[in-house]
Structure formats: C-alpha cells, structure tokens
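Novice: Have a peek at my_file_17.tsv (TSV, C-alpha atoms and all ligand atoms).
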```
chain	number	residue	atom	x	y	z
A	1	MET	CA	96.05	117.64	74.59
A	2	LYS	CA	96.16	119.17	78.05
A	3	HIS	CA	96.61	116.37	80.54
A	4	TYR	CA	97.88	115.18	83.87
A	5	PHE	CA	100.06	112.09	84.12
A	6	GLN	CA	100.94	110.20	87.25
A	7	LYS	CA	103.42	107.37	86.95
A	8	GLY	CA	101.90	105.11	89.64
A	9	THR	CA	103.85	102.64	91.71
A	10	ASN	CA	103.31	99.52	89.61
A	11	SER	CA	104.11	99.84	85.90
A	12	SER	CA	102.62	96.41	85.12
A	13	LYS	CA	99.16	97.83	85.94
A	14	PRO	CA	97.01	99.23	83.13
A	15	VAL	CA	97.16	102.98	82.59
A	16	LEU	CA	93.85	104.47	83.76
A	17	LEU	CA	92.71	106.94	81.10
A	18	LEU	CA	90.38	109.42	82.81
A	19	LEU	CA	87.84	111.21	80.63
A	20	HIS	CA	85.68	113.78	82.39
A	21	GLY	CA	82.09	114.85	81.78
A	22	THR	CA	81.02	118.21	80.29
A	23	GLY	CA	82.46	121.06	82.36
A	24	GLY	CA	85.07	118.88	84.04
A	25	ASN	CA	88.82	118.86	83.55
A	26	GLU	CA	91.87	116.66	84.02
A	27	HIS	CA	91.51	116.87	87.80
A	28	SER	CA	87.82	115.90	88.07
A	29	LEU	CA	88.16	112.12	88.17
A	30	LEU	CA	91.49	111.69	89.97
A	31	GLN	CA	89.79	110.44	93.12
A	32	LEU	CA	88.08	107.73	91.08
A	33	ALA	CA	91.43	106.45	89.83
A	34	GLU	CA	92.64	106.28	93.41
A	35	MET	CA	89.62	104.12	94.30
A	36	ILE	CA	89.90	101.89	91.25
A	37	ASP	CA	93.62	101.17	91.50
A	38	PRO	CA	95.91	103.28	93.70
A	39	GLU	CA	99.00	101.64	92.15
A	40	ALA	CA	98.12	102.20	88.50
A	41	PRO	CA	99.56	104.93	86.29
A	42	VAL	CA	96.99	107.64	85.51
A	43	LEU	CA	96.57	109.65	82.32
A	44	SER	CA	93.84	112.22	82.77
A	45	VAL	CA	92.95	114.29	79.72
A	46	ARG	CA	91.08	117.56	79.27
A	47	GLY	CA	88.64	117.72	76.35
A	48	ASN	CA	89.74	120.12	73.59
A	49	VAL	CA	86.29	121.55	72.86
A	50	LEU	CA	84.71	124.40	74.83
A	51	GLU	CA	80.94	124.78	75.18
A	52	HIS	CA	80.25	128.04	77.01
A	53	GLU	CA	83.67	127.69	78.66
A	54	MET	CA	82.93	124.10	79.69
A	55	PRO	CA	85.48	121.58	78.40
A	56	ARG	CA	84.12	118.63	76.38
A	57	PHE	CA	85.62	115.94	74.19
A	58	PHE	CA	83.59	116.77	71.05
A	59	LYS	CA	80.99	119.27	69.87
A	60	ARG	CA	77.26	118.65	70.11
A	61	LEU	CA	74.44	120.31	68.21
A	62	SER	CA	72.08	120.09	71.20
A	63	GLU	CA	71.78	117.93	74.30
A	64	GLY	CA	72.26	114.33	73.23
A	65	VAL	CA	72.67	115.27	69.53
A	66	PHE	CA	76.29	114.93	68.51
A	67	ASP	CA	78.23	116.74	65.81
A	68	LEU	CA	79.36	113.54	64.09
A	69	GLU	CA	82.03	115.22	61.97
A	70	ASP	CA	83.62	116.67	65.09
A	71	LEU	CA	83.16	113.39	66.98
A	72	GLU	CA	85.20	111.63	64.29
A	73	PHE	CA	87.89	114.32	64.26
A	74	ARG	CA	88.17	114.38	68.07
A	75	THR	CA	88.17	110.58	68.40
A	76	LYS	CA	91.13	110.40	66.00
A	77	GLU	CA	92.80	113.30	67.79
A	78	LEU	CA	92.47	111.50	71.13
A	79	SER	CA	93.74	108.24	69.64
A	80	ASN	CA	96.81	110.01	68.21
A	81	PHE	CA	97.34	111.73	71.53
A	82	LEU	CA	97.36	108.33	73.29
A	83	ASP	CA	100.07	107.10	70.88
A	84	GLU	CA	102.19	110.18	71.64
A	85	ALA	CA	101.54	110.10	75.39
A	86	ALA	CA	102.67	106.46	75.55
A	87	LYS	CA	106.02	107.50	74.07
A	88	GLU	CA	106.36	110.67	76.12
A	89	HIS	CA	105.50	109.01	79.44
A	90	ASP	CA	106.93	105.60	78.56
A	91	PHE	CA	103.92	103.35	79.09
A	92	ASP	CA	102.47	100.46	77.11
A	93	ARG	CA	99.97	101.90	74.60
A	94	LYS	CA	98.24	98.53	74.45
A	95	ASN	CA	97.52	98.48	78.16
A	96	ILE	CA	95.05	101.33	78.67
A	97	VAL	CA	91.75	101.07	80.55
A	98	ALA	CA	89.47	104.05	80.02
A	99	VAL	CA	87.36	105.46	82.83
A	100	GLY	CA	84.85	107.93	81.40
A	101	TYR	CA	81.82	109.72	82.73
A	102	SER	CA	79.05	111.07	80.50
A	103	ASN	CA	80.73	113.01	77.66
A	104	GLY	CA	83.99	111.24	78.59
A	105	ALA	CA	82.27	107.84	78.43
A	106	ASN	CA	80.93	108.77	75.00
A	107	ILE	CA	84.37	109.54	73.57
A	108	ALA	CA	85.72	106.32	75.18
A	109	ALA	CA	82.93	104.36	73.46
A	110	SER	CA	83.76	106.20	70.24
A	111	LEU	CA	87.42	105.08	70.51
A	112	LEU	CA	86.15	101.49	70.71
A	113	PHE	CA	83.85	102.08	67.71
A	114	TYR	CA	86.63	103.49	65.50
A	115	PHE	CA	89.80	101.60	66.41
A	116	GLU	CA	90.53	97.94	66.94
A	117	LYS	CA	92.43	97.32	70.22
A	118	ALA	CA	92.00	100.98	71.16
A	119	LEU	CA	91.63	100.01	74.81
A	120	GLN	CA	92.32	97.01	77.01
A	121	GLY	CA	89.04	97.64	78.79
A	122	ALA	CA	86.65	100.44	79.67
A	123	ILE	CA	84.52	101.73	82.49
A	124	LEU	CA	81.70	103.74	80.96
A	125	PHE	CA	79.63	105.72	83.42
A	126	HIS	CA	76.38	106.96	81.82
A	127	PRO	CA	77.36	106.49	78.16
A	128	MET	CA	75.23	106.99	75.07
A	129	VAL	CA	75.50	105.32	71.67
A	130	PRO	CA	78.15	107.57	70.05
A	131	ARG	CA	76.94	106.83	66.50
A	132	ARG	CA	75.06	104.14	64.64
A	133	ASP	CA	76.61	104.11	61.17
A	134	LEU	CA	80.00	102.49	61.74
A	135	ASN	CA	81.26	99.00	61.19
A	136	ILE	CA	82.61	98.48	64.71
A	137	PRO	CA	85.85	96.47	64.92
A	138	SER	CA	86.17	93.29	66.96
A	139	LEU	CA	86.04	93.75	70.73
A	140	LYS	CA	86.81	90.12	71.46
A	141	ASN	CA	87.79	89.61	75.12
A	142	THR	CA	87.48	93.32	75.91
A	143	PRO	CA	85.90	93.74	79.34
A	144	ILE	CA	83.56	96.71	79.54
A	145	PHE	CA	81.69	97.98	82.58
A	146	ILE	CA	78.62	100.15	82.02
A	147	GLY	CA	77.09	102.10	84.89
A	148	ALA	CA	73.73	103.71	84.14
A	149	GLY	CA	70.63	105.22	85.72
A	150	THR	CA	67.18	103.71	85.25
A	151	ASN	CA	65.84	107.28	85.44
A	152	ASP	CA	68.64	109.18	83.70
A	153	PRO	CA	66.92	112.19	82.10
A	154	LEU	CA	69.58	112.35	79.34
A	155	ILE	CA	69.70	108.67	78.37
A	156	ARG	CA	66.82	106.25	77.89
A	157	THR	CA	67.37	102.74	79.26
A	158	SER	CA	66.75	101.47	75.71
A	159	GLU	CA	69.79	103.45	74.48
A	160	THR	CA	71.99	101.95	77.19
A	161	GLU	CA	70.73	98.48	76.24
A	162	GLU	CA	71.37	99.28	72.58
A	163	LEU	CA	74.99	100.21	73.35
A	164	LYS	CA	75.42	96.99	75.36
A	165	THR	CA	74.08	94.94	72.44
A	166	MET	CA	76.31	96.75	69.91
A	167	LEU	CA	79.39	96.00	72.05
A	168	GLU	CA	78.36	92.40	72.69
A	169	GLU	CA	77.79	91.79	68.98
A	170	LYS	CA	81.52	92.47	68.63
A	171	GLU	CA	82.22	89.99	71.44
A	172	ALA	CA	83.01	92.42	74.23
A	173	ASN	CA	82.33	91.11	77.75
A	174	VAL	CA	79.90	93.68	79.08
A	175	THR	CA	78.96	94.03	82.75
A	176	MET	CA	75.98	96.30	83.47
A	177	PHE	CA	75.11	98.03	86.70
A	178	TRP	CA	71.92	100.03	87.10
A	179	ASP	CA	71.29	102.62	89.78
A	180	HIS	CA	68.40	105.06	89.99
A	181	TYR	CA	69.84	108.50	90.65
A	182	GLY	CA	69.42	110.04	87.24
A	183	HIS	CA	72.61	111.11	85.44
A	184	GLN	CA	74.60	111.22	88.69
A	185	LEU	CA	77.57	109.00	89.26
A	186	THR	CA	76.76	107.13	92.46
A	187	GLU	CA	78.88	105.44	95.09
A	188	ALA	CA	77.26	102.08	94.31
A	189	GLU	CA	78.23	102.45	90.64
A	190	VAL	CA	81.81	103.23	91.57
A	191	MET	CA	81.98	100.32	94.04
A	192	ASN	CA	80.68	97.93	91.40
A	193	ALA	CA	83.18	99.27	88.87
A	194	VAL	CA	85.99	98.75	91.39
A	195	LYS	CA	84.84	95.15	91.92
A	196	TRP	CA	84.69	94.60	88.16
A	197	TYR	CA	88.19	96.08	87.75
A	198	ARG	CA	89.63	93.79	90.43
A	199	GLU	CA	88.04	90.75	88.77
A	200	ASN	CA	89.41	91.68	85.37
A	201	PHE	CA	92.73	93.45	85.92
A	202	SER	CA	94.30	92.46	89.24
B	1	LIG	C1	77.23	114.37	75.61
B	1	LIG	O1	77.05	115.42	75.01
B	1	LIG	O2	78.24	113.70	75.51
B	1	LIG	C2	76.12	113.92	76.47
B	1	LIG	O3	75.00	114.71	76.27
B	1	LIG	C3	76.49	113.91	77.91
B	1	LIG	C4	76.88	115.27	78.38
B	1	LIG	O4	76.01	116.04	78.79
B	1	LIG	O5	78.05	115.57	78.37
```
Since I need it in another form, could you write the structure as structure tokens?

Specialist:
Amino acid sequence: MKHYFQKGTNSSKPVLLLLHGTGGNEHSLLQLAEMIDPEAPVLSVRGNVLEHEMPRFFKRLSEGVFDLEDLEFRTKELSNFLDEAAKEHDFDRKNIVAVGYSNGANIAASLLFYFEKALQGAILFHPMVPRRDLNIPSLKNTPIFIGAGTNDPLIRTSETEELKTMLEEKEANVTMFWDHYGHQLTEAEVMNAVKWYRENFS
C-alpha cells in the first residue's frame, strides 16, 4: 500500500499507524503523530479505494452503509501490509498503536474485530461500528481511546456507545471523550487523546 514511514528517534516507542479519513492521504495526519509522540516511529498509509478520486480504506454503498465484502478484503489487505511493513522497515509488528479518523478509525476498528492482537492500542476519532456479525477476538488489556461528537451528523451517539460496549465485552479498556462539533476532529479531542497516550504508552 502507498505509505510514508518515519523511523522516529526512539525505537522502543510504539509505531503510530496513521489512517486518514475519506479524501485524505498519507500526509493528512502527520501533525497528529507529532503531537501524540514526537519520538515514535510513524507509518502513515493511504487507503487503496477511490471514491470520486477521494482515497478511502474500503468501499461503501452509501454514507454510513459499508460494502462488507470489501471491508473484509481491505481489512485483511491492511493486516498483511502491516506484516510486510514491519519487515521492510524493521519494527516490532506487535507494537503498533493505530490513530484513525472517520473512515480510518473504521478500518482500525475492523482490524480489532478481525484479528487478535492486531494492535497494541488504538485512538479512534469518530468511529462507527464496522460490522455486527463477527465473533470479535479477545481485546484483553488493549487500551482504546474513542473521540466522538454528541452532534455528529454521520454517527448517532447510540452507535458510538454500541461500539464501546462491543469492545468492552472483549475486555478492552475504553476511554471515551465527547465533544460537540459534529464530525470534526477538535483540539480538545486531540489533547485528551495525547493525555490518554501518555498514561498508557510512556
Ligand atoms: C465511512 O464511510 O467510513 C464513514 O462514513 C466515515 C466517512 O465518511 O469516511
């Protein structure tokens, strides 16, 4: 997959896997990584699907309605890519923390739904429930931060709560932060995610 890798200055830090929203690319979230952990290696990936020239991580049938066959294919593709990237760039595959926004948060959640120990932790900004028909593997001791909007026009608060419950049922440690600026990623969300990261990974 098309990506940008930055080695970082401290190889014991988790690799920050950046997953952009619809229409973004591998450069969109680099500033976020800098704020979360300026020493950490960064692997920023571009989604392989194009929707009207806008990169995404999987196809959708309409807004909020996912093409589940493609979601499965793309989730496996991303997982395989992470295995290869770990070899190519010489980092620990087991020590990845995803940072995803919107469509990127959805594919990060999907990685957690499909594969045990897919990620060491995850920051999900404005995620949805990727699908409801899987037997999700154990997420024991996996810290997950969810940032969401009380008035997000794309995601009902009940769907965010549903995702939190699904993750907690598999023993993930979920931290929620609510803001009220719709689907936008806000400074307060980022600051709370940074605080959460420092508590869990520094
Ligand atoms: C998705 O398709 O993943 C969600 O609708 C969020 C987005 O607009 O990318």

Novice: When you draw a straight line from CA of Met1 in chain A to CA of Val65 in chain A, how long is it in Å?

Specialist: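 It comes out at 24.0 Å.
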
Novice: Could you build a table of the residues in chain A lying no more than 12 Å from ligand LIG 1 (chain B), giving for each the nearest pair of atoms and their separation in Å rounded to one decimal place, using only C-alpha atoms and all ligand atoms, ordered by chain and ascending residue number, as CSV?

Specialist:
```
residue,atom,partner,partner_atom,distance
A:Leu19,CA,B:LIG1,O5,11.0
A:His20,CA,B:LIG1,O5,8.8
A:Gly21,CA,B:LIG1,O5,5.3
A:Thr22,CA,B:LIG1,O5,4.4
A:Gly23,CA,B:LIG1,O5,8.1
A:Gly24,CA,B:LIG1,O5,9.6
A:Gly47,CA,B:LIG1,O5,11.0
A:Val49,CA,B:LIG1,O1,11.3
A:Leu50,CA,B:LIG1,O5,11.6
A:Glu51,CA,B:LIG1,O1,10.1
A:Met54,CA,B:LIG1,O5,9.9
A:Pro55,CA,B:LIG1,O5,9.6
A:Arg56,CA,B:LIG1,O5,7.1
A:Phe57,CA,B:LIG1,O2,7.8
A:Phe58,CA,B:LIG1,O2,7.6
A:Lys59,CA,B:LIG1,O1,7.5
A:Arg60,CA,B:LIG1,O1,5.9
A:Leu61,CA,B:LIG1,O1,8.8
A:Ser62,CA,B:LIG1,O1,7.8
A:Glu63,CA,B:LIG1,O3,5.0
A:Gly64,CA,B:LIG1,O3,4.1
A:Val65,CA,B:LIG1,O1,7.0
A:Phe66,CA,B:LIG1,O1,6.6
A:Asp67,CA,B:LIG1,O1,9.4
A:Leu68,CA,B:LIG1,O1,11.3
A:Asp70,CA,B:LIG1,O1,12.0
A:Leu71,CA,B:LIG1,O2,9.9
A:Gly100,CA,B:LIG1,O2,10.6
A:Tyr101,CA,B:LIG1,O5,8.2
A:Ser102,CA,B:LIG1,C3,4.6
A:Asn103,CA,B:LIG1,O2,3.4
A:Gly104,CA,B:LIG1,O2,7.0
A:Ala105,CA,B:LIG1,O2,7.7
A:Asn106,CA,B:LIG1,O2,5.6
A:Ile107,CA,B:LIG1,O2,7.7
A:Ala108,CA,B:LIG1,O2,10.5
A:Ala109,CA,B:LIG1,O2,10.7
A:Ser110,CA,B:LIG1,O2,10.7
A:Leu124,CA,B:LIG1,C3,11.8
A:Phe125,CA,B:LIG1,C3,10.4
A:His126,CA,B:LIG1,C3,8.0
A:Pro127,CA,B:LIG1,C3,7.5
A:Met128,CA,B:LIG1,C2,7.1
A:Val129,CA,B:LIG1,O2,9.6
A:Pro130,CA,B:LIG1,O2,8.2
A:Arg131,CA,B:LIG1,O2,11.4
A:Asp152,CA,B:LIG1,C3,10.8
A:Pro153,CA,B:LIG1,O3,10.3
A:Leu154,CA,B:LIG1,O3,6.7
A:Ile155,CA,B:LIG1,O3,8.3
A:Arg156,CA,B:LIG1,O3,11.9
A:His183,CA,B:LIG1,C3,8.9
A:Gln184,CA,B:LIG1,O4,11.1
```

Novice: Using C-alpha atoms, can you export the residues from the last selection as an mmCIF file, in the frame of the given file?

Specialist:
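Listed below is the output, selection27.cif:
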```cif
data_model
loop_
_atom_site.group_PDB
_atom_site.id
_atom_site.type_symbol
_atom_site.label_atom_id
_atom_site.label_comp_id
_atom_site.auth_asym_id
_atom_site.auth_seq_id
_atom_site.Cartn_x
_atom_site.Cartn_y
_atom_site.Cartn_z
ATOM 1 C CA LEU A 19 87.840 111.210 80.630
ATOM 2 C CA HIS A 20 85.680 113.780 82.390
ATOM 3 C CA GLY A 21 82.090 114.850 81.780
ATOM 4 C CA THR A 22 81.020 118.210 80.290
ATOM 5 C CA GLY A 23 82.460 121.060 82.360
ATOM 6 C CA GLY A 24 85.070 118.880 84.040
ATOM 7 C CA GLY A 47 88.640 117.720 76.350
ATOM 8 C CA VAL A 49 86.290 121.550 72.860
ATOM 9 C CA LEU A 50 84.710 124.400 74.830
ATOM 10 C CA GLU A 51 80.940 124.780 75.180
ATOM 11 C CA MET A 54 82.930 124.100 79.690
ATOM 12 C CA PRO A 55 85.480 121.580 78.400
ATOM 13 C CA ARG A 56 84.120 118.630 76.380
ATOM 14 C CA PHE A 57 85.620 115.940 74.190
ATOM 15 C CA PHE A 58 83.590 116.770 71.050
ATOM 16 C CA LYS A 59 80.990 119.270 69.870
ATOM 17 C CA ARG A 60 77.260 118.650 70.110
ATOM 18 C CA LEU A 61 74.440 120.310 68.210
ATOM 19 C CA SER A 62 72.080 120.090 71.200
ATOM 20 C CA GLU A 63 71.780 117.930 74.300
ATOM 21 C CA GLY A 64 72.260 114.330 73.230
ATOM 22 C CA VAL A 65 72.670 115.270 69.530
ATOM 23 C CA PHE A 66 76.290 114.930 68.510
ATOM 24 C CA ASP A 67 78.230 116.740 65.810
ATOM 25 C CA LEU A 68 79.360 113.540 64.090
ATOM 26 C CA ASP A 70 83.620 116.670 65.090
ATOM 27 C CA LEU A 71 83.160 113.390 66.980
ATOM 28 C CA GLY A 100 84.850 107.930 81.400
ATOM 29 C CA TYR A 101 81.820 109.720 82.730
ATOM 30 C CA SER A 102 79.050 111.070 80.500
ATOM 31 C CA ASN A 103 80.730 113.010 77.660
ATOM 32 C CA GLY A 104 83.990 111.240 78.590
ATOM 33 C CA ALA A 105 82.270 107.840 78.430
ATOM 34 C CA ASN A 106 80.930 108.770 75.000
ATOM 35 C CA ILE A 107 84.370 109.540 73.570
ATOM 36 C CA ALA A 108 85.720 106.320 75.180
ATOM 37 C CA ALA A 109 82.930 104.360 73.460
ATOM 38 C CA SER A 110 83.760 106.200 70.240
ATOM 39 C CA LEU A 124 81.700 103.740 80.960
ATOM 40 C CA PHE A 125 79.630 105.720 83.420
ATOM 41 C CA HIS A 126 76.380 106.960 81.820
ATOM 42 C CA PRO A 127 77.360 106.490 78.160
ATOM 43 C CA MET A 128 75.230 106.990 75.070
ATOM 44 C CA VAL A 129 75.500 105.320 71.670
ATOM 45 C CA PRO A 130 78.150 107.570 70.050
ATOM 46 C CA ARG A 131 76.940 106.830 66.500
ATOM 47 C CA ASP A 152 68.640 109.180 83.700
ATOM 48 C CA PRO A 153 66.920 112.190 82.100
ATOM 49 C CA LEU A 154 69.580 112.350 79.340
ATOM 50 C CA ILE A 155 69.700 108.670 78.370
ATOM 51 C CA ARG A 156 66.820 106.250 77.890
ATOM 52 C CA HIS A 183 72.610 111.110 85.440
ATOM 53 C CA GLN A 184 74.600 111.220 88.690
#
```

Novice: I'd like the neighbourhood of Trp196 in chain A as a list in words, where a residue qualifies if any of its atoms comes within 10 Å (using only C-alpha atoms), though same-chain residues fewer than 6 positions away should be ignored.

Specialist: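 Final neighbour list, sorted by chain and number: Ile36, Ile123, Pro143, Ile144, Phe145, Thr175, Val190 and Ser202 of chain A.
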
Novice: Using C-alpha atoms, can you export the residues from the last selection as a CSV table (one decimal), in the coordinates of the input?

Specialist:
```csv
chain,number,residue,atom,x,y,z
A,36,ILE,CA,89.9,101.9,91.2
A,123,ILE,CA,84.5,101.7,82.5
A,143,PRO,CA,85.9,93.7,79.3
A,144,ILE,CA,83.6,96.7,79.5
A,145,PHE,CA,81.7,98.0,82.6
A,175,THR,CA,79.0,94.0,82.8
A,190,VAL,CA,81.8,103.2,91.6
A,202,SER,CA,94.3,92.5,89.2
```

Novice: What is the CA of Ala40 in chain A-CA of Phe113 in chain A distance in Å, reported with one decimal?

Specialist: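 Computing the Euclidean distance for CA of Ala40 in chain A and CA of Phe113 in chain A yields 25.2 Å.
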
Novice: Excluding Pro41 in chain A and residues on its chain fewer than 2 positions from it, collect all residues at most 6 Å away from it, counting only C-alpha atoms, and give them as number ranges by chain.

Specialist: A: 6-8, 15

Novice: For the residues selected in the previous step, produce a file with C-alpha atoms as a PDB file, keeping the file's coordinate frame.

Specialist:
```
ATOM      1  CA  GLN A   6     100.940 110.200  87.250  1.00  0.00           C
ATOM      2  CA  LYS A   7     103.420 107.370  86.950  1.00  0.00           C
ATOM      3  CA  GLY A   8     101.900 105.110  89.640  1.00  0.00           C
ATOM      4  CA  VAL A  15      97.160 102.980  82.590  1.00  0.00           C
TER       5      VAL A  15
END
```

Novice: Tell me, in Å to one decimal, how far CA of Leu111 in chain A is from CA of Glu39 in chain A.

Specialist: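 Spanning CA of Leu111 in chain A to CA of Glu39 in chain A is a straight-line distance of 24.8 Å.
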
Novice: Could you tell me, as a PyMOL selection string, which residues have any atom at most 10 Å from (80.0, 92.6, 70.8), counting only C-alpha atoms?

Specialist: chain A and resi 136-142+163-174

Novice: Please provide the set of residues having any atom within 7 Å of Gln120 in chain A, restricted to only C-alpha atoms, with same-chain residues fewer than 5 positions apart removed, written as a PyMOL selection string.

Specialist: chain A and resi 94-97+142

Novice: Nearest residue to Ala122 in chain A out of A:Leu185, A:Lys195, A:Ala98, A:Phe5, using all atoms listed in the file?

Specialist: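 Residue with the minimum atom-to-atom distance to Ala122 in chain A: A:Ala98.
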
Novice: Taking (76.8, 100.2, 82.6) in the file's coordinates as the center, which residues reach within 6 Å of it, counting only C-alpha atoms, put as a PyMOL selection string?

Specialist: chain A and resi 145-148+176-177

Novice: With C-alpha atoms retained, export the selected residues as a PDB file, in the frame of the given file.

Specialist:
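As written to disk, out_16.pdb reads:
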```
ATOM      1  CA  PHE A 145      81.690  97.980  82.580  1.00  0.00           C
ATOM      2  CA  ILE A 146      78.620 100.150  82.020  1.00  0.00           C
ATOM      3  CA  GLY A 147      77.090 102.100  84.890  1.00  0.00           C
ATOM      4  CA  ALA A 148      73.730 103.710  84.140  1.00  0.00           C
ATOM      5  CA  MET A 176      75.980  96.300  83.470  1.00  0.00           C
ATOM      6  CA  PHE A 177      75.110  98.030  86.700  1.00  0.00           C
TER       7      PHE A 177
END
```

Novice: Taking all atoms listed in the file into account, which of A:Glu53, A:Leu18, A:Asp37, A:Leu78 comes nearest Phe201 in chain A?

Specialist: A:Asp37

Novice: Where atoms are absent from range 24-52 of chain A, fill them in so it carries N, CA and C atoms, then output it as a short mmCIF file (atom, residue, chain, number, x, y, z; two decimals), in the coordinates of the input.

Specialist:
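After the write, part36.cif holds the following:
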```
data_model
loop_
_atom_site.label_atom_id
_atom_site.label_comp_id
_atom_site.auth_asym_id
_atom_site.auth_seq_id
_atom_site.Cartn_x
_atom_site.Cartn_y
_atom_site.Cartn_z
N GLY A 24 84.01 119.38 83.16
CA GLY A 24 85.07 118.88 84.04
C GLY A 24 86.44 119.23 83.46
N ASN A 25 87.46 118.68 84.08
CA ASN A 25 88.82 118.86 83.55
C ASN A 25 89.68 117.68 83.99
N GLU A 26 90.98 117.80 83.76
CA GLU A 26 91.87 116.66 84.02
C GLU A 26 92.01 116.33 85.51
N HIS A 27 91.44 117.16 86.37
CA HIS A 27 91.51 116.87 87.80
C HIS A 27 90.23 116.22 88.34
N SER A 28 89.14 116.30 87.56
CA SER A 28 87.82 115.90 88.07
C SER A 28 87.73 114.46 88.56
N LEU A 29 88.38 113.54 87.86
CA LEU A 29 88.16 112.12 88.17
C LEU A 29 89.34 111.46 88.89
N LEU A 30 90.27 112.27 89.37
CA LEU A 30 91.49 111.69 89.97
C LEU A 30 91.17 110.81 91.18
N GLN A 31 90.17 111.22 91.94
CA GLN A 31 89.79 110.44 93.12
C GLN A 31 89.28 109.05 92.73
N LEU A 32 88.60 109.01 91.58
CA LEU A 32 88.08 107.73 91.08
C LEU A 32 89.22 106.76 90.79
N ALA A 33 90.28 107.30 90.17
CA ALA A 33 91.43 106.45 89.83
C ALA A 33 92.04 105.88 91.10
N GLU A 34 92.10 106.69 92.11
CA GLU A 34 92.64 106.28 93.41
C GLU A 34 91.81 105.11 93.99
N MET A 35 90.49 105.18 93.78
CA MET A 35 89.62 104.12 94.30
C MET A 35 89.71 102.85 93.45
N ILE A 36 89.88 103.04 92.15
CA ILE A 36 89.90 101.89 91.25
C ILE A 36 91.22 101.11 91.40
N ASP A 37 92.32 101.83 91.34
CA ASP A 37 93.62 101.17 91.50
C ASP A 37 94.67 102.20 91.92
N PRO A 38 94.97 102.27 93.22
CA PRO A 38 95.91 103.28 93.70
C PRO A 38 97.34 103.08 93.19
N GLU A 39 97.62 101.89 92.64
CA GLU A 39 99.00 101.64 92.15
C GLU A 39 99.16 101.96 90.65
N ALA A 40 98.06 102.11 89.97
CA ALA A 40 98.12 102.20 88.50
C ALA A 40 98.58 103.58 88.03
N PRO A 41 99.29 103.63 86.90
CA PRO A 41 99.56 104.93 86.29
C PRO A 41 98.24 105.59 85.86
N VAL A 42 98.22 106.91 85.85
CA VAL A 42 96.99 107.64 85.51
C VAL A 42 97.30 108.66 84.41
N LEU A 43 96.49 108.63 83.36
CA LEU A 43 96.57 109.65 82.32
C LEU A 43 95.20 110.31 82.26
N SER A 44 95.13 111.54 82.71
CA SER A 44 93.84 112.22 82.77
C SER A 44 93.86 113.39 81.78
N VAL A 45 92.91 113.38 80.86
CA VAL A 45 92.95 114.29 79.72
C VAL A 45 91.83 115.32 79.80
N ARG A 46 92.13 116.54 79.36
CA ARG A 46 91.08 117.56 79.27
C ARG A 46 90.55 117.62 77.84
N GLY A 47 89.25 117.62 77.68
CA GLY A 47 88.64 117.72 76.35
C GLY A 47 89.04 119.03 75.67
N ASN A 48 89.24 118.97 74.35
CA ASN A 48 89.74 120.12 73.59
C ASN A 48 88.66 121.08 73.12
N VAL A 49 87.39 120.72 73.36
CA VAL A 49 86.29 121.55 72.86
C VAL A 49 85.72 122.35 74.04
N LEU A 50 85.34 123.60 73.78
CA LEU A 50 84.71 124.40 74.83
C LEU A 50 83.27 124.69 74.46
N GLU A 51 82.34 124.42 75.38
CA GLU A 51 80.94 124.78 75.18
C GLU A 51 80.60 125.75 76.31
N HIS A 52 80.43 127.01 75.98
CA HIS A 52 80.25 128.04 77.01
C HIS A 52 81.29 127.88 78.12
#
```
